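Reading through the structure tokens given below for one structure.
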Amino acid sequence: MMSSFPLVSFLITLMLAAAVCTQGYEPALDTAENPILTSAQYLIQPYSPRSNGGGLLPVPVKLLPLCPLGISQSSVTALPGLPVSFSYPYPLMDTYVNEGQAVNIEFRSEAWPGCEEFSKYWEVDESSSASEEPAILVGGKKRERNSWFRIERKENFVGGNAYKLTTLAGTIGTIPGPWENAPQLVLTNDTAKTFLVKFHKVHGDTTATTSTSRLEKLGLGMFPFY
Ligand SMILES: *[C@@H]1O[C@H](CO)[C@@H](O)[C@H](O)[C@H]1NC(C)=O
């Protein structure tokens, strides 16, 4: 009996720490006004229907090296893109995805254009060749700070839940990318480029996203390497 006591008190400490950590945080909401869950998958889509791009796809954003891939909005506004899931770098709080807390963002799709040796976690390009507005890449590491993002509500916005994604070094925005100028995700301080988003929960059996017909609907055929 006695030997299990240190473990129990350790767990209680962890639970208290988790309670303190989550205090004062609001869960971010999806398009149905429900809290975003770490257990579900979401399409990150432009908030404005007048945006000149659709959902998010992993694409090559530089030629040398081709990997890791970057992230671009689909050039076709109607295409939903690939789903993502959100998780915490450390598994203490794991039901709701809260505004303002560091989370990992991971693409959830079996269909993938290449660079399979990289993870599907998002990260900020911190390589020496990164430009002033560094690209958001796919190939992050859960515990590394350049793979941590925060969901922030865009204040003073009328109607619906508009959010932006930030890091400690800037906000995710878009610039014209290499694919027919489809908007590419970068980290920027230029508020004119801020990528306002909404989160649409993916319903039903998530394995359906891997079926071919579904993929064609997602528009993966638009890239020559798919
Ligand atoms: C944004 O500004 C901060 C503070 O000046 C700076 O540290 C950071 O590198 C900038 N980020 C980008 C992407 O320009």
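Each chain in the structure tokens gets a letter, A, B and so on, in the order shown; residues start at 1 in every chain, and ligands are counted from 1 in the order they appear.
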
Rows by chain and residue number, chain A within 8 Å of ligand 1, shortest pair, only C-alpha atoms and all ligand atoms, as a tab-separated table:
```
residue	atom	partner	partner_atom_place_in_ligand_line	distance
A:Glu132	CA	ligand 1	14 (O)	6.0
A:Glu133	CA	ligand 1	13 (C)	4.8
A:Pro134	CA	ligand 1	13 (C)	6.4
A:Ala169	CA	ligand 1	8 (C)	4.6
A:Gly170	CA	ligand 1	11 (N)	4.8
A:Thr171	CA	ligand 1	13 (C)	7.3
A:Val186	CA	ligand 1	13 (C)	7.9
A:Leu187	CA	ligand 1	13 (C)	4.8
A:Thr188	CA	ligand 1	13 (C)	3.9
A:Asn189	CA	ligand 1	1 (C)	4.9
A:Asp190	CA	ligand 1	14 (O)	7.7
```

(request) as a list of chain:residue names, list the residues of range 3-183 of chain A assigned to alpha helix (DSSP H) by DSSP on the backbone atoms of this structure. (result)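 DSSP-assigned alpha helix (DSSP H) residues in range 3-183 of chain A: A:Phe5, A:Pro6, A:Leu7, A:Val8, A:Ser9, A:Phe10, A:Leu11, A:Ile12, A:Thr13, A:Leu14, A:Met15, A:Leu16, A:Ala17, A:Ala18, A:Ala19, A:Val20, A:Cys21, A:Thr22.
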
Keeping only all heavy atoms, write those residues as a tab-separated table (two decimals), in the first residue's frame.
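out-v8.tsv, freshly written:
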```tsv
chain	number	residue	atom	x	y	z
A	5	PHE	N	1.74	5.18	-2.66
A	5	PHE	CA	1.39	6.54	-2.23
A	5	PHE	C	2.11	7.65	-3.01
A	5	PHE	O	1.49	8.61	-3.45
A	5	PHE	CB	1.61	6.70	-0.73
A	5	PHE	CG	1.24	8.06	-0.25
A	5	PHE	CD1	-0.10	8.42	-0.16
A	5	PHE	CD2	2.20	9.00	0.07
A	5	PHE	CE1	-0.46	9.69	0.25
A	5	PHE	CE2	1.85	10.26	0.48
A	5	PHE	CZ	0.51	10.62	0.57
A	6	PRO	N	3.43	7.53	-3.20
A	6	PRO	CA	4.12	8.59	-3.95
A	6	PRO	C	3.51	8.78	-5.34
A	6	PRO	O	3.36	9.90	-5.82
A	6	PRO	CB	5.57	8.10	-4.03
A	6	PRO	CG	5.72	7.17	-2.89
A	6	PRO	CD	4.37	6.50	-2.72
A	7	LEU	N	3.11	7.68	-5.98
A	7	LEU	CA	2.53	7.78	-7.31
A	7	LEU	C	1.20	8.54	-7.26
A	7	LEU	O	0.94	9.42	-8.06
A	7	LEU	CB	2.32	6.38	-7.89
A	7	LEU	CG	1.65	6.36	-9.27
A	7	LEU	CD1	2.54	7.07	-10.28
A	7	LEU	CD2	1.37	4.93	-9.72
A	8	VAL	N	0.38	8.18	-6.24
A	8	VAL	CA	-0.92	8.85	-6.12
A	8	VAL	C	-0.73	10.35	-5.90
A	8	VAL	O	-1.37	11.16	-6.57
A	8	VAL	CB	-1.74	8.23	-4.96
A	8	VAL	CG1	-2.97	9.09	-4.67
A	8	VAL	CG2	-2.15	6.81	-5.31
A	9	SER	N	0.18	10.71	-5.02
A	9	SER	CA	0.34	12.15	-4.75
A	9	SER	C	0.93	12.85	-5.99
A	9	SER	O	0.59	13.98	-6.28
A	9	SER	CB	1.21	12.39	-3.52
A	9	SER	OG	2.51	11.91	-3.74
A	10	PHE	N	1.76	12.11	-6.71
A	10	PHE	CA	2.30	12.68	-7.95
A	10	PHE	C	1.16	12.97	-8.94
A	10	PHE	O	1.08	14.03	-9.54
A	10	PHE	CB	3.31	11.70	-8.57
A	10	PHE	CG	3.83	12.12	-9.90
A	10	PHE	CD1	4.73	13.18	-10.02
A	10	PHE	CD2	3.43	11.47	-11.06
A	10	PHE	CE1	5.20	13.57	-11.26
A	10	PHE	CE2	3.90	11.85	-12.29
A	10	PHE	CZ	4.79	12.91	-12.40
A	11	LEU	N	0.23	12.00	-9.06
A	11	LEU	CA	-0.88	12.17	-9.99
A	11	LEU	C	-1.79	13.33	-9.56
A	11	LEU	O	-2.25	14.10	-10.39
A	11	LEU	CB	-1.70	10.87	-10.09
A	11	LEU	CG	-0.99	9.75	-10.85
A	11	LEU	CD1	-1.82	8.48	-10.82
A	11	LEU	CD2	-0.70	10.17	-12.29
A	12	ILE	N	-2.00	13.44	-8.24
A	12	ILE	CA	-2.84	14.53	-7.75
A	12	ILE	C	-2.18	15.87	-8.09
A	12	ILE	O	-2.83	16.80	-8.55
A	12	ILE	CB	-3.08	14.40	-6.23
A	12	ILE	CG1	-4.03	13.22	-5.99
A	12	ILE	CG2	-3.64	15.69	-5.65
A	12	ILE	CD1	-4.20	12.83	-4.54
A	13	THR	N	-0.87	15.94	-7.91
A	13	THR	CA	-0.16	17.16	-8.25
A	13	THR	C	-0.33	17.49	-9.73
A	13	THR	O	-0.58	18.63	-10.10
A	13	THR	CB	1.36	17.00	-7.93
A	13	THR	OG1	1.47	16.55	-6.60
A	13	THR	CG2	2.08	18.31	-8.10
A	14	LEU	N	-0.21	16.47	-10.56
A	14	LEU	CA	-0.38	16.68	-12.00
A	14	LEU	C	-1.77	17.21	-12.30
A	14	LEU	O	-1.94	18.12	-13.10
A	14	LEU	CB	-0.18	15.36	-12.75
A	14	LEU	CG	1.22	14.97	-13.15
A	14	LEU	CD1	1.20	13.76	-14.07
A	14	LEU	CD2	1.94	16.13	-13.83
A	15	MET	N	-2.79	16.61	-11.65
A	15	MET	CA	-4.16	17.01	-11.92
A	15	MET	C	-4.39	18.45	-11.47
A	15	MET	O	-5.05	19.22	-12.15
A	15	MET	CB	-5.14	16.07	-11.21
A	15	MET	CG	-5.45	14.84	-12.06
A	15	MET	SD	-5.91	13.37	-11.14
A	15	MET	CE	-6.96	13.99	-9.89
A	16	LEU	N	-3.82	18.82	-10.33
A	16	LEU	CA	-3.94	20.21	-9.86
A	16	LEU	C	-3.26	21.15	-10.84
A	16	LEU	O	-3.79	22.20	-11.18
A	16	LEU	CB	-3.31	20.36	-8.47
A	16	LEU	CG	-4.12	19.76	-7.32
A	16	LEU	CD1	-3.35	19.89	-6.02
A	16	LEU	CD2	-5.48	20.45	-7.22
A	17	ALA	N	-2.09	20.75	-11.31
A	17	ALA	CA	-1.36	21.57	-12.27
A	17	ALA	C	-2.21	21.77	-13.51
A	17	ALA	O	-2.31	22.87	-14.06
A	17	ALA	CB	-0.03	20.93	-12.63
A	18	ALA	N	-2.87	20.70	-13.97
A	18	ALA	CA	-3.69	20.79	-15.16
A	18	ALA	C	-4.85	21.74	-14.92
A	18	ALA	O	-5.20	22.55	-15.77
A	18	ALA	CB	-4.21	19.41	-15.55
A	19	ALA	N	-5.46	21.65	-13.71
A	19	ALA	CA	-6.59	22.51	-13.40
A	19	ALA	C	-6.16	23.97	-13.41
A	19	ALA	O	-6.85	24.84	-13.93
A	19	ALA	CB	-7.17	22.13	-12.04
A	20	VAL	N	-4.97	24.25	-12.85
A	20	VAL	CA	-4.47	25.61	-12.82
A	20	VAL	C	-4.17	26.10	-14.23
A	20	VAL	O	-4.51	27.21	-14.61
A	20	VAL	CB	-3.20	25.71	-11.94
A	20	VAL	CG1	-2.52	27.06	-12.11
A	20	VAL	CG2	-3.56	25.47	-10.48
A	21	CYS	N	-3.57	25.21	-15.03
A	21	CYS	CA	-3.17	25.59	-16.37
A	21	CYS	C	-4.37	25.97	-17.23
A	21	CYS	O	-4.29	26.86	-18.06
A	21	CYS	CB	-2.43	24.45	-17.07
A	21	CYS	SG	-0.78	24.21	-16.44
A	22	THR	N	-5.48	25.25	-17.07
A	22	THR	CA	-6.61	25.48	-17.97
A	22	THR	C	-7.51	26.60	-17.47
A	22	THR	O	-8.40	27.03	-18.17
A	22	THR	CB	-7.46	24.19	-18.13
A	22	THR	OG1	-7.79	23.72	-16.84
A	22	THR	CG2	-6.69	23.14	-18.89
```

(request) Kindly give the distance, in Å, that separates CA of Ala135 in chain A and CA of Val76 in chain A, rounded to a single decimal. (result)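 Separation between CA of Ala135 in chain A and CA of Val76 in chain A: 20.9 Å.
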
Name the residues in contact with range 81-96 of chain A at a cut-off of 6 Å, using only C-alpha atoms, excluding same-chain residues fewer than 3 positions from it; report them as a CSV table (one decimal) with N, CA, C and O atoms, in the first residue's frame.
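Wrote around04.csv, looks like this:
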```csv
chain,number,residue,atom,x,y,z
A,18,ALA,N,-2.9,20.7,-14.0
A,18,ALA,CA,-3.7,20.8,-15.2
A,18,ALA,C,-4.9,21.7,-14.9
A,18,ALA,O,-5.2,22.6,-15.8
A,27,PRO,N,-12.5,27.5,-24.6
A,27,PRO,CA,-12.3,26.6,-25.8
A,27,PRO,C,-12.6,27.4,-27.0
A,27,PRO,O,-13.5,28.2,-27.1
A,36,ILE,N,-13.9,23.1,-29.8
A,36,ILE,CA,-13.1,22.2,-30.6
A,36,ILE,C,-12.4,21.2,-29.7
A,36,ILE,O,-11.9,21.5,-28.6
A,37,LEU,N,-12.4,19.9,-30.2
A,37,LEU,CA,-12.0,18.8,-29.4
A,37,LEU,C,-10.7,18.3,-29.9
A,37,LEU,O,-10.4,18.2,-31.1
A,38,THR,N,-9.8,17.8,-29.0
A,38,THR,CA,-8.6,17.2,-29.4
A,38,THR,C,-8.8,15.8,-30.1
A,38,THR,O,-8.0,15.3,-30.8
A,41,GLN,N,-11.5,15.8,-35.9
A,41,GLN,CA,-10.7,16.4,-37.0
A,41,GLN,C,-11.5,17.6,-37.6
A,41,GLN,O,-12.7,17.6,-37.6
A,42,TYR,N,-10.7,18.5,-38.1
A,42,TYR,CA,-11.3,19.8,-38.6
A,42,TYR,C,-10.7,20.2,-39.9
A,42,TYR,O,-9.5,20.0,-40.1
A,43,LEU,N,-11.5,20.8,-40.7
A,43,LEU,CA,-11.0,21.5,-41.9
A,43,LEU,C,-10.7,23.0,-41.5
A,43,LEU,O,-11.6,23.6,-40.9
A,55,GLY,N,-9.5,25.4,-49.0
A,55,GLY,CA,-8.9,24.7,-47.9
A,55,GLY,C,-7.4,24.5,-48.0
A,55,GLY,O,-6.8,24.9,-49.0
A,56,LEU,N,-6.8,23.8,-47.0
A,56,LEU,CA,-5.4,23.7,-47.0
A,56,LEU,C,-4.8,22.4,-47.5
A,56,LEU,O,-5.4,21.4,-47.2
A,57,LEU,N,-3.8,22.5,-48.3
A,57,LEU,CA,-3.1,21.3,-48.8
A,57,LEU,C,-1.6,21.4,-48.6
A,57,LEU,O,-1.0,22.5,-48.7
A,103,VAL,N,-0.6,24.7,-29.1
A,103,VAL,CA,-1.1,23.4,-29.6
A,103,VAL,C,-0.3,23.0,-30.8
A,103,VAL,O,0.3,23.8,-31.5
A,104,ASN,N,-0.2,21.7,-31.0
A,104,ASN,CA,0.3,21.1,-32.2
A,104,ASN,C,-0.8,21.0,-33.2
A,104,ASN,O,-2.0,20.7,-32.8
A,105,ILE,N,-0.5,21.2,-34.5
A,105,ILE,CA,-1.5,21.0,-35.6
A,105,ILE,C,-0.9,20.0,-36.5
A,105,ILE,O,0.2,20.0,-36.9
A,106,GLU,N,-1.7,18.9,-36.8
A,106,GLU,CA,-1.2,17.8,-37.5
A,106,GLU,C,-2.2,17.5,-38.6
A,106,GLU,O,-3.4,17.3,-38.4
A,107,PHE,N,-1.7,17.4,-39.9
A,107,PHE,CA,-2.6,16.9,-41.0
A,107,PHE,C,-3.0,15.5,-40.7
A,107,PHE,O,-2.2,14.7,-40.3
A,108,ARG,N,-4.3,15.1,-41.0
A,108,ARG,CA,-4.7,13.8,-40.8
A,108,ARG,C,-5.2,13.2,-42.2
A,108,ARG,O,-6.4,13.5,-42.6
A,142,LYS,N,6.5,17.4,-32.1
A,142,LYS,CA,5.5,17.8,-31.1
A,142,LYS,C,6.1,18.7,-30.0
A,142,LYS,O,5.5,19.6,-29.6
A,143,ARG,N,7.3,18.4,-29.5
A,143,ARG,CA,7.8,19.0,-28.4
A,143,ARG,C,8.7,20.3,-28.7
A,143,ARG,O,9.2,20.9,-27.8
A,218,LEU,N,-11.6,16.3,-52.9
A,218,LEU,CA,-10.7,17.2,-52.2
A,218,LEU,C,-9.8,17.9,-53.2
A,218,LEU,O,-9.1,18.9,-52.8
```

(request) Find, counting only C-alpha atoms, the residue in A:Gly100, A:Pro178, A:Pro113, A:Gly160 that gets nearest to Ser48 in chain A. (result)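 Ranked by minimum distance to Ser48 in chain A, first place goes to A:Gly160.
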
Closest atom pairs, residues of range 90-182 of chain A within 8 Å of range 192-197 of chain A, only C-alpha atoms, as a Markdown table:
```
| residue | atom | partner | partner_atom | distance |
| --- | --- | --- | --- | --- |
| A:Lys154 | CA | A:Leu196 | CA | 7.8 |
| A:Ala162 | CA | A:Val197 | CA | 5.8 |
| A:Tyr163 | CA | A:Val197 | CA | 5.2 |
| A:Lys164 | CA | A:Leu196 | CA | 5.1 |
| A:Leu165 | CA | A:Phe195 | CA | 7.8 |
| A:Thr171 | CA | A:Thr194 | CA | 6.7 |
| A:Ile172 | CA | A:Phe195 | CA | 6.1 |
| A:Gly173 | CA | A:Thr194 | CA | 4.1 |
| A:Thr174 | CA | A:Lys193 | CA | 5.6 |
| A:Ile175 | CA | A:Lys193 | CA | 7.1 |
```

(message) Here is a test: counting only C-alpha atoms, which residue of A:Ser128, A:Thr166, A:Pro49, A:Trp122 is nearest to Ser147 in chain A?
(response) A:Trp122
